[in-house]
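Everything below belongs to upload-v8.pdb, which stores PDB, C-alpha atoms.
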```pdb
ATOM      1  CA  MET V   1      73.858 152.882  44.781
ATOM      2  CA  LYS V   2      75.743 149.616  45.202
ATOM      3  CA  GLY V   3      76.491 150.484  48.825
ATOM      4  CA  ARG V   4      72.841 151.315  49.411
ATOM      5  CA  ARG V   5      71.715 147.952  47.941
ATOM      6  CA  ASN V   6      74.148 146.058  50.244
ATOM      7  CA  PHE V   7      72.841 148.011  53.223
ATOM      8  CA  LEU V   8      69.224 147.155  52.327
ATOM      9  CA  LYS V   9      70.139 143.446  51.932
ATOM     10  CA  SER V  10      71.772 143.450  55.361
ATOM     11  CA  ALA V  11      68.750 145.158  56.899
ATOM     12  CA  ALA V  12      66.410 142.600  55.330
ATOM     13  CA  LEU V  13      68.540 139.721  56.673
ATOM     14  CA  LEU V  14      68.522 141.164  60.164
ATOM     15  CA  SER V  15      64.744 141.452  60.050
ATOM     16  CA  VAL V  16      64.320 137.657  59.782
ATOM     17  CA  LEU V  17      66.873 136.730  62.471
ATOM     18  CA  PRO V  18      65.560 135.948  65.980
ATOM     19  CA  ALA V  19      65.635 138.953  68.272
ATOM     20  CA  ILE V  20      68.302 138.884  70.993
ATOM     21  CA  SER V  21      68.010 141.457  73.745
ATOM     22  CA  LEU V  22      70.988 143.430  74.953
ATOM     23  CA  GLU V  23      70.164 142.160  78.450
ATOM     24  CA  ALA V  24      70.409 138.517  77.297
ATOM     25  CA  MET V  25      73.725 139.219  75.569
ATOM     26  CA  ALA V  26      75.024 140.843  78.732
ATOM     27  CA  ASP V  27      73.823 137.904  80.839
ATOM     28  CA  ASN V  28      75.613 135.428  78.552
ATOM     29  CA  ASP V  29      78.811 137.448  78.672
ATOM     30  CA  SER V  30      78.519 137.716  82.443
ATOM     31  CA  ALA V  31      77.995 133.965  82.855
ATOM     32  CA  ALA V  32      81.000 133.174  80.660
ATOM     33  CA  GLY V  33      83.167 135.656  82.533
ATOM     34  CA  ALA V  34      82.033 134.338  85.903
ATOM     35  CA  LYS V  35      83.356 130.824  85.308
ATOM     36  CA  PHE V  36      86.237 129.748  87.479
ATOM     37  CA  ARG V  37      88.346 126.583  87.626
ATOM     38  CA  VAL V  38      88.649 124.233  90.584
ATOM     39  CA  LEU V  39      91.322 121.561  90.815
ATOM     40  CA  THR V  40      91.764 118.696  93.287
ATOM     41  CA  ALA V  41      95.303 117.372  93.585
ATOM     42  CA  ASN V  42      96.672 114.621  95.789
ATOM     43  CA  ILE V  43     100.376 115.350  95.252
ATOM     44  CA  ARG V  44     101.698 112.295  97.177
ATOM     45  CA  VAL V  45     103.396 113.021 100.457
ATOM     46  CA  ASP V  46     107.177 113.573 100.443
ATOM     47  CA  LEU V  47     108.635 110.124 101.273
ATOM     48  CA  LYS V  48     112.247 108.940 101.324
ATOM     49  CA  GLU V  49     111.268 105.534  99.921
ATOM     50  CA  ASP V  50     109.784 107.236  96.848
ATOM     51  CA  GLU V  51     112.952 109.257  96.395
ATOM     52  CA  ALA V  52     114.993 106.051  96.367
ATOM     53  CA  LYS V  53     112.849 104.875  93.415
ATOM     54  CA  GLY V  54     113.238 108.148  91.516
ATOM     55  CA  LEU V  55     109.646 109.087  92.345
ATOM     56  CA  GLY V  56     110.220 111.433  95.269
ATOM     57  CA  TRP V  57     109.041 114.998  95.633
ATOM     58  CA  LYS V  58     112.440 116.377  94.578
ATOM     59  CA  GLN V  59     112.199 114.495  91.284
ATOM     60  CA  ARG V  60     108.533 115.369  90.681
ATOM     61  CA  ARG V  61     108.275 118.864  92.156
ATOM     62  CA  ASP V  62     108.959 121.004  89.089
ATOM     63  CA  PHE V  63     106.730 118.928  86.829
ATOM     64  CA  CYS V  64     103.955 118.806  89.415
ATOM     65  CA  ILE V  65     103.953 122.598  89.720
ATOM     66  CA  GLU V  66     104.204 122.947  85.932
ATOM     67  CA  VAL V  67     101.110 120.791  85.415
ATOM     68  CA  ILE V  68      99.052 122.688  87.989
ATOM     69  CA  LYS V  69     100.030 126.032  86.448
ATOM     70  CA  LYS V  70      99.236 124.736  82.949
ATOM     71  CA  TYR V  71      95.574 124.251  83.894
ATOM     72  CA  LYS V  72      95.317 127.799  85.334
ATOM     73  CA  PRO V  73      93.232 127.014  88.417
ATOM     74  CA  ASP V  74      91.459 129.634  90.471
ATOM     75  CA  LEU V  75      91.103 127.205  93.388
ATOM     76  CA  VAL V  76      93.066 124.090  94.324
ATOM     77  CA  GLY V  77      92.336 121.569  97.039
ATOM     78  CA  PHE V  78      95.579 119.738  97.826
ATOM     79  CA  GLN V  79      95.992 116.477  99.714
ATOM     80  CA  GLU V  80      99.113 114.870 101.241
ATOM     81  CA  VAL V  81     101.161 118.048 101.602
ATOM     82  CA  PHE V  82     104.086 117.896 104.011
ATOM     83  CA  TYR V  83     106.779 120.321 105.198
ATOM     84  CA  GLN V  84     109.039 120.899 102.143
ATOM     85  CA  GLN V  85     106.089 120.594  99.784
ATOM     86  CA  ALA V  86     104.297 123.393 101.621
ATOM     87  CA  ILE V  87     107.398 125.587 101.306
ATOM     88  CA  ASP V  88     107.715 124.860  97.578
ATOM     89  CA  LEU V  89     104.033 125.432  96.825
ATOM     90  CA  ARG V  90     104.014 128.766  98.666
ATOM     91  CA  LYS V  91     106.998 129.930  96.612
ATOM     92  CA  ALA V  92     105.521 128.715  93.324
ATOM     93  CA  PHE V  93     102.078 130.271  93.781
ATOM     94  CA  LYS V  94     102.723 133.722  95.205
ATOM     95  CA  ASP V  95      99.581 135.134  93.574
ATOM     96  CA  TYR V  96      97.454 132.785  95.651
ATOM     97  CA  TYR V  97      96.539 132.415  99.301
ATOM     98  CA  PHE V  98      98.019 129.154 100.599
ATOM     99  CA  LEU V  99      95.935 128.244 103.646
ATOM    100  CA  GLY V 100      95.452 125.357 106.030
ATOM    101  CA  TYR V 101      98.896 123.819 106.400
ATOM    102  CA  ASP V 102     100.073 125.431 109.623
ATOM    103  CA  GLY V 103      98.837 124.329 113.029
ATOM    104  CA  PRO V 104     100.060 123.147 116.430
ATOM    105  CA  GLU V 105     100.364 119.570 115.185
ATOM    106  CA  MET V 106     102.839 120.743 112.494
ATOM    107  CA  ASP V 107     104.909 123.150 114.598
ATOM    108  CA  GLY V 108     108.577 122.218 114.218
ATOM    109  CA  VAL V 109     107.724 118.943 112.418
ATOM    110  CA  THR V 110     110.068 118.405 109.483
ATOM    111  CA  GLU V 111     110.186 114.595 109.441
ATOM    112  CA  TYR V 112     107.080 112.802 108.252
ATOM    113  CA  ALA V 113     105.393 110.930 111.073
ATOM    114  CA  GLY V 114     101.902 110.259 109.749
ATOM    115  CA  ILE V 115     100.224 113.649 109.413
ATOM    116  CA  ALA V 116     100.084 115.435 106.082
ATOM    117  CA  LYS V 117      97.788 118.369 105.344
ATOM    118  CA  ASN V 118      95.113 119.449 102.865
ATOM    119  CA  PRO V 119      95.891 123.117 102.105
ATOM    120  CA  LEU V 120      93.725 125.401 100.002
ATOM    121  CA  LEU V 121      95.127 127.447  97.120
ATOM    122  CA  ILE V 122      92.973 130.514  96.356
ATOM    123  CA  LYS V 123      93.654 133.058  93.610
ATOM    124  CA  LYS V 124      93.950 136.485  95.220
ATOM    125  CA  SER V 125      92.929 138.486  92.160
ATOM    126  CA  ARG V 126      89.677 136.534  91.774
ATOM    127  CA  PHE V 127      88.382 135.980  95.297
ATOM    128  CA  GLU V 128      87.957 138.016  98.433
ATOM    129  CA  LEU V 129      88.733 135.950 101.515
ATOM    130  CA  LEU V 130      85.861 136.283 103.996
ATOM    131  CA  SER V 131      86.529 133.463 106.463
ATOM    132  CA  VAL V 132      88.663 130.339 106.891
ATOM    133  CA  GLY V 133      88.532 127.374 109.222
ATOM    134  CA  SER V 134      89.380 123.741 109.808
ATOM    135  CA  TYR V 135      88.322 120.781 111.897
ATOM    136  CA  TRP V 136      89.521 117.246 112.487
ATOM    137  CA  LEU V 137      87.503 114.223 111.436
ATOM    138  CA  SER V 138      87.262 112.794 114.918
ATOM    139  CA  GLU V 139      85.135 112.842 118.048
ATOM    140  CA  THR V 140      87.177 115.881 119.154
ATOM    141  CA  PRO V 141      87.165 118.004 115.971
ATOM    142  CA  ASN V 142      88.793 121.027 117.638
ATOM    143  CA  VAL V 143      91.777 119.064 118.963
ATOM    144  CA  ALA V 144      94.691 119.311 116.525
ATOM    145  CA  GLY V 145      95.868 115.954 115.217
ATOM    146  CA  SER V 146      93.066 113.993 116.889
ATOM    147  CA  GLU V 147      91.997 110.552 115.631
ATOM    148  CA  SER V 148      88.879 108.406 116.102
ATOM    149  CA  TRP V 149      87.181 105.271 114.780
ATOM    150  CA  GLY V 150      90.404 103.362 114.092
ATOM    151  CA  THR V 151      91.884 105.640 111.439
ATOM    152  CA  TYR V 152      95.628 105.096 111.340
ATOM    153  CA  ARG V 153      96.420 108.796 111.046
ATOM    154  CA  ALA V 154      94.603 112.038 111.716
ATOM    155  CA  ARG V 155      92.390 113.390 108.945
ATOM    156  CA  HIS V 156      90.951 116.864 108.657
ATOM    157  CA  VAL V 157      88.918 119.395 106.670
ATOM    158  CA  ASN V 158      89.958 122.876 105.561
ATOM    159  CA  TYR V 159      87.436 125.384 104.279
ATOM    160  CA  ALA V 160      87.126 129.016 103.205
ATOM    161  CA  ILE V 161      84.190 131.309 102.569
ATOM    162  CA  LEU V 162      84.943 133.408  99.514
ATOM    163  CA  ARG V 163      83.405 136.241  97.534
ATOM    164  CA  ASP V 164      83.783 136.046  93.774
ATOM    165  CA  GLN V 165      85.003 139.493  92.755
ATOM    166  CA  VAL V 166      83.590 139.043  89.237
ATOM    167  CA  ASN V 167      79.938 138.585  90.200
ATOM    168  CA  GLY V 168      79.894 139.391  93.919
ATOM    169  CA  LYS V 169      78.559 135.938  94.880
ATOM    170  CA  ASP V 170      79.645 134.230  98.118
ATOM    171  CA  PHE V 171      80.382 130.516  98.345
ATOM    172  CA  ARG V 172      82.225 127.940 100.424
ATOM    173  CA  PHE V 173      85.247 125.899  99.343
ATOM    174  CA  ILE V 174      85.890 122.689 101.349
ATOM    175  CA  ASN V 175      88.756 120.217 100.998
ATOM    176  CA  THR V 176      89.460 116.888 102.707
ATOM    177  CA  HIS V 177      91.196 113.505 102.584
ATOM    178  CA  LEU V 178      89.453 110.487 104.086
ATOM    179  CA  THR V 179      91.104 107.519 105.740
ATOM    180  CA  THR V 180      92.113 104.376 103.885
ATOM    181  CA  LYS V 181      90.696 102.272 106.715
ATOM    182  CA  THR V 182      87.250 100.716 107.059
ATOM    183  CA  THR V 183      84.091 101.804 105.275
ATOM    184  CA  ASP V 184      82.490 102.454 108.667
ATOM    185  CA  THR V 185      85.232 104.946 109.521
ATOM    186  CA  LYS V 186      84.819 106.731 106.200
ATOM    187  CA  VAL V 187      81.040 106.890 106.670
ATOM    188  CA  LYS V 188      81.550 108.597 110.033
ATOM    189  CA  GLN V 189      83.967 111.068 108.447
ATOM    190  CA  VAL V 190      81.572 111.911 105.603
ATOM    191  CA  ALA V 191      78.716 112.250 108.104
ATOM    192  CA  MET V 192      80.703 114.999 109.858
ATOM    193  CA  ILE V 193      81.253 116.858 106.571
ATOM    194  CA  VAL V 194      77.564 116.540 105.667
ATOM    195  CA  ALA V 195      76.416 117.775 109.090
ATOM    196  CA  ASP V 196      78.796 120.730 108.936
ATOM    197  CA  SER V 197      77.670 121.678 105.429
ATOM    198  CA  LYS V 198      73.992 121.495 106.391
ATOM    199  CA  GLN V 199      74.473 124.416 108.760
ATOM    200  CA  TYR V 200      74.292 126.607 105.644
ATOM    201  CA  LYS V 201      71.099 127.270 103.723
ATOM    202  CA  GLU V 202      70.317 124.585 101.171
ATOM    203  CA  ARG V 203      70.945 126.868  98.192
ATOM    204  CA  PHE V 204      74.196 128.365  99.527
ATOM    205  CA  PRO V 205      76.922 127.378  97.004
ATOM    206  CA  GLN V 206      79.493 124.908  98.308
ATOM    207  CA  ILE V 207      82.348 123.060  96.605
ATOM    208  CA  LEU V 208      83.851 119.947  98.191
ATOM    209  CA  THR V 209      87.094 118.494  96.837
ATOM    210  CA  GLY V 210      89.230 115.638  98.015
ATOM    211  CA  ASP V 211      90.609 112.135  97.985
ATOM    212  CA  PHE V 212      87.817 110.072  99.512
ATOM    213  CA  ASN V 213      89.539 106.666  99.194
ATOM    214  CA  SER V 214      86.106 105.372  98.143
ATOM    215  CA  SER V 215      84.620 104.229  94.842
ATOM    216  CA  PRO V 216      81.626 106.070  93.350
ATOM    217  CA  THR V 217      79.249 103.251  94.342
ATOM    218  CA  SER V 218      80.521 103.003  97.929
ATOM    219  CA  GLU V 219      78.565 103.806 101.075
ATOM    220  CA  PRO V 220      80.566 106.967 101.959
ATOM    221  CA  ILE V 221      79.960 108.494  98.514
ATOM    222  CA  LYS V 222      76.295 107.493  98.571
ATOM    223  CA  LEU V 223      75.963 109.274 101.915
ATOM    224  CA  ALA V 224      77.359 112.453 100.344
ATOM    225  CA  THR V 225      75.162 112.298  97.238
ATOM    226  CA  ASP V 226      72.064 111.425  99.287
ATOM    227  CA  ASN V 227      72.639 114.720 101.085
ATOM    228  CA  GLN V 228      72.625 117.081  98.109
ATOM    229  CA  PHE V 229      76.303 116.779  97.156
ATOM    230  CA  ILE V 230      76.562 116.342  93.376
ATOM    231  CA  ASP V 231      79.387 114.258  91.923
ATOM    232  CA  GLU V 232      80.277 116.554  89.024
ATOM    233  CA  PHE V 233      82.442 114.016  87.195
ATOM    234  CA  LYS V 234      79.485 111.638  86.988
ATOM    235  CA  ILE V 235      77.063 114.379  85.891
ATOM    236  CA  ILE V 236      79.354 115.850  83.233
ATOM    237  CA  ASN V 237      80.775 112.626  81.818
ATOM    238  CA  GLY V 238      77.754 110.365  82.137
ATOM    239  CA  THR V 239      79.649 107.706  84.032
ATOM    240  CA  GLN V 240      80.237 107.105  87.708
ATOM    241  CA  ASN V 241      83.667 105.570  87.429
ATOM    242  CA  ALA V 242      86.862 105.938  85.448
ATOM    243  CA  GLU V 243      90.209 104.234  85.517
ATOM    244  CA  ALA V 244      91.945 104.357  88.902
ATOM    245  CA  THR V 245      92.648 107.947  89.893
ATOM    246  CA  GLY V 246      95.019 106.620  92.550
ATOM    247  CA  HIS V 247      97.342 104.871  90.105
ATOM    248  CA  GLY V 248     100.552 104.263  92.060
ATOM    249  CA  PHE V 249     102.676 106.147  89.484
ATOM    250  CA  LEU V 250     101.543 103.644  86.830
ATOM    251  CA  GLY V 251      99.200 106.054  85.086
ATOM    252  CA  GLU V 252      97.156 104.452  82.317
ATOM    253  CA  LYS V 253      99.183 101.253  82.675
ATOM    254  CA  TYR V 254      97.481 100.604  86.015
ATOM    255  CA  GLN V 255      94.987  98.114  84.602
ATOM    256  CA  GLU V 256      97.649  96.285  82.605
ATOM    257  CA  VAL V 257      99.968  95.930  85.598
ATOM    258  CA  LYS V 258      97.334  95.335  88.289
ATOM    259  CA  GLY V 259      94.986  93.250  86.171
ATOM    260  CA  LYS V 260      92.013  95.424  87.100
ATOM    261  CA  ALA V 261      90.649  98.826  86.160
ATOM    262  CA  GLY V 262      90.643 100.310  89.642
ATOM    263  CA  ASN V 263      88.323 103.038  90.885
ATOM    264  CA  ARG V 264      87.973 106.762  90.820
ATOM    265  CA  ILE V 265      88.572 107.885  94.416
ATOM    266  CA  ASP V 266      89.094 111.630  93.833
ATOM    267  CA  TYR V 267      86.088 113.943  93.642
ATOM    268  CA  ILE V 268      84.788 117.421  93.012
ATOM    269  CA  PHE V 269      81.323 117.794  94.550
ATOM    270  CA  THR V 270      78.969 120.761  94.507
ATOM    271  CA  ARG V 271      76.008 121.634  96.715
ATOM    272  CA  GLY V 272      73.536 124.486  96.380
ATOM    273  CA  ASP V 273      73.335 127.056  93.578
ATOM    274  CA  ILE V 274      76.530 126.115  91.771
ATOM    275  CA  LYS V 275      77.340 123.671  88.999
ATOM    276  CA  ALA V 276      80.175 122.498  86.798
ATOM    277  CA  THR V 277      80.240 122.909  83.033
ATOM    278  CA  THR V 278      83.389 120.787  82.608
ATOM    279  CA  CYS V 279      84.944 118.067  84.778
ATOM    280  CA  ALA V 280      87.870 115.914  83.679
ATOM    281  CA  LEU V 281      90.966 114.042  84.795
ATOM    282  CA  ILE V 282      94.466 115.423  84.206
ATOM    283  CA  LYS V 283      96.763 112.746  82.782
ATOM    284  CA  ASP V 284      99.852 114.750  81.850
ATOM    285  CA  LYS V 285     103.165 112.938  82.013
ATOM    286  CA  LYS V 286     106.756 113.628  81.013
ATOM    287  CA  ASN V 287     109.086 110.772  80.020
ATOM    288  CA  ASP V 288     106.767 108.315  81.831
ATOM    289  CA  MET V 289     106.925 110.498  84.962
ATOM    290  CA  TYR V 290     103.605 111.554  86.445
ATOM    291  CA  PRO V 291     103.300 114.548  88.778
ATOM    292  CA  SER V 292     101.823 112.290  91.467
ATOM    293  CA  ASP V 293     100.508 108.809  92.139
ATOM    294  CA  HIS V 294      97.013 110.257  91.542
ATOM    295  CA  PHE V 295      95.468 111.784  88.454
ATOM    296  CA  PHE V 296      94.433 115.322  89.318
ATOM    297  CA  MET V 297      90.910 116.479  88.412
ATOM    298  CA  TYR V 298      89.565 119.870  87.379
ATOM    299  CA  ALA V 299      86.130 121.411  86.927
ATOM    300  CA  ASP V 300      84.933 124.724  85.533
ATOM    301  CA  MET V 301      82.232 126.217  87.762
ATOM    302  CA  THR V 302      79.466 128.794  87.576
ATOM    303  CA  ILE V 303      77.445 130.085  90.523
TER     304      ILE V 303
END
```
Turn this file's structure into C-alpha cells for me.
Amino acid sequence: MKGRRNFLKSAALLSVLPAISLEAMADNDSAAGAKFRVLTANIRVDLKEDEAKGLGWKQRRDFCIEVIKKYKPDLVGFQEVFYQQAIDLRKAFKDYYFLGYDGPEMDGVTEYAGIAKNPLLIKKSRFELLSVGSYWLSETPNVAGSESWGTYRARHVNYAILRDQVNGKDFRFINTHLTTKTTDTKVKQVAMIVADSKQYKERFPQILTGDFNSSPTSEPIKLATDNQFIDEFKIINGTQNAEATGHGFLGEKYQEVKGKAGNRIDYIFTRGDIKATTCALIKDKKNDMYPSDHFFMYADMTI
C-alpha cells in the first residue's frame, strides 16, 4: 500500500506540472547538440627578434597549441601563420583540415619577408568540406600576393563552405587579417569582404573571424555591422570594447605599462541564420608567458 500511495502522489504532482511535448524535448536536445565552437587566434608570426627576447615561436609553440586544444574548438581562424608554424599546426591538429596556407606566393619561402597566412582549422569529424577558396584584398584579388591602397604587405581572405554533420545545415566560414595602415585602406578591404558575402542569400549562415586592426567604433567595423555582420562579443557581453586584444605580450598589464586601455581589434562576426550563445576572450598564461601577443577569442554557435 505504501508503494501505491507514493505512486499516486507522484502522479498527482505530474498532473500540475506544465506539459512538455516530446517534440520540444527533442528540439532542445538537438539545439544543444548542434552547438559548435569557433576560435579566432592571431598567433604572432615567427620572428627572430621575438626569439631573442624569449618570446619566439619556439618558446611559445607548445603552450600556444596547448591553449587552443584546451578550448576544444571545432573551427579556428588563424592569423600570422608562417612556414614552421604551419608545419607545427598541421602536426598538432591531425584530426582537422588545415587549409589556406599553401599558394604560389609561399612556394619555397622559408624566411619571413612580409607575407604570413590566415589558415582555417576545421574539425573533420564534425564538418563535411563542400568548397574552399581564397582571394587577396587588392584590386587584383586573384593574383597571389597582390597589394593595393598602400598596405605594406599583402592581405587575404580564406573561406570554406561546410555542412554540419550533426544537423545537416550548410554555412560559410571566413577568416581574414586587415592591414595596420590607414582607415581608408581598411574600409576598402572590408568593402570587398562585404561585397563577396552579399553574393549569398541574406539568411545563409556565415561566420567571419579575424584581426581587423580596428576598434569597435571605427569606420571599418561600422561598415561591417551596417551590412548585417553582427559583432558577437558586443551582443553577448553588452559592451563594444574590452582591454586591448593585441597586447604586445603584456597581457592584462597592457594598460599599466602603456598608460591606456587599448582596443579590442579581434572579432567573431556572424551573418544570416546563425548566432553565438557565448563569446569571450582567452587570457591563459603560464609563468607570465602568453601564447601570443593577442588574446584569442572563442564563441559557441548555433545555426
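If you measure from each of V:Thr179, V:Thr40, V:Gln85, V:Thr245 to V:Arg60 using only C-alpha atoms, the closest one turns out to be V:Gln85.
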query = What residues come out when you apply the PyMOL selection byres ((chain V and resi 263-279) around 8) to this file, written as a PyMOL selection string?
reply = chain V and resi 40+202-216+228-233+236-237+241-246+261-262+280-281+296-303
key: From V:His247, V:Lys234, V:His156, V:Arg44, residue lying nearest V:Met192 [all atoms listed in the file]   =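 Comparing V:His247, V:Lys234, V:His156, V:Arg44 against V:Met192, the winner is V:His156.
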ask   = Got a sec: who's within 10 Å of V:Glu128, counting only C-alpha atoms, leaving out chain neighbours fewer than 4 positions off, as JSON, numbers by chain?
value = {"V": [122, 123, 124, 161, 162, 163, 164, 165, 168, 170]}
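Across the structure, atom CA of V:Lys169 and atom CA of V:Gln79 are spaced 26.6 Å apart.
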query = Could you write out as a PyMOL selection string the residues that the PyMOL selection byres ((chain V and resi 118) around 7) matches in the shown file?
reply = chain V and resi 77-81+100-101+117+119-120+158+175-176
Using only C-alpha atoms, please write the residues we just selected to a file, as a compact mmCIF listing (two decimals), in the frame of the given file.
```txt
# COMPACT_ATOMS: atom_id res chain seq x y z
CA GLY V 77 92.34 121.57 97.04
CA PHE V 78 95.58 119.74 97.83
CA GLN V 79 95.99 116.48 99.71
CA GLU V 80 99.11 114.87 101.24
CA VAL V 81 101.16 118.05 101.60
CA GLY V 100 95.45 125.36 106.03
CA TYR V 101 98.90 123.82 106.40
CA LYS V 117 97.79 118.37 105.34
CA PRO V 119 95.89 123.12 102.10
CA LEU V 120 93.72 125.40 100.00
CA ASN V 158 89.96 122.88 105.56
CA ASN V 175 88.76 120.22 101.00
CA THR V 176 89.46 116.89 102.71
```
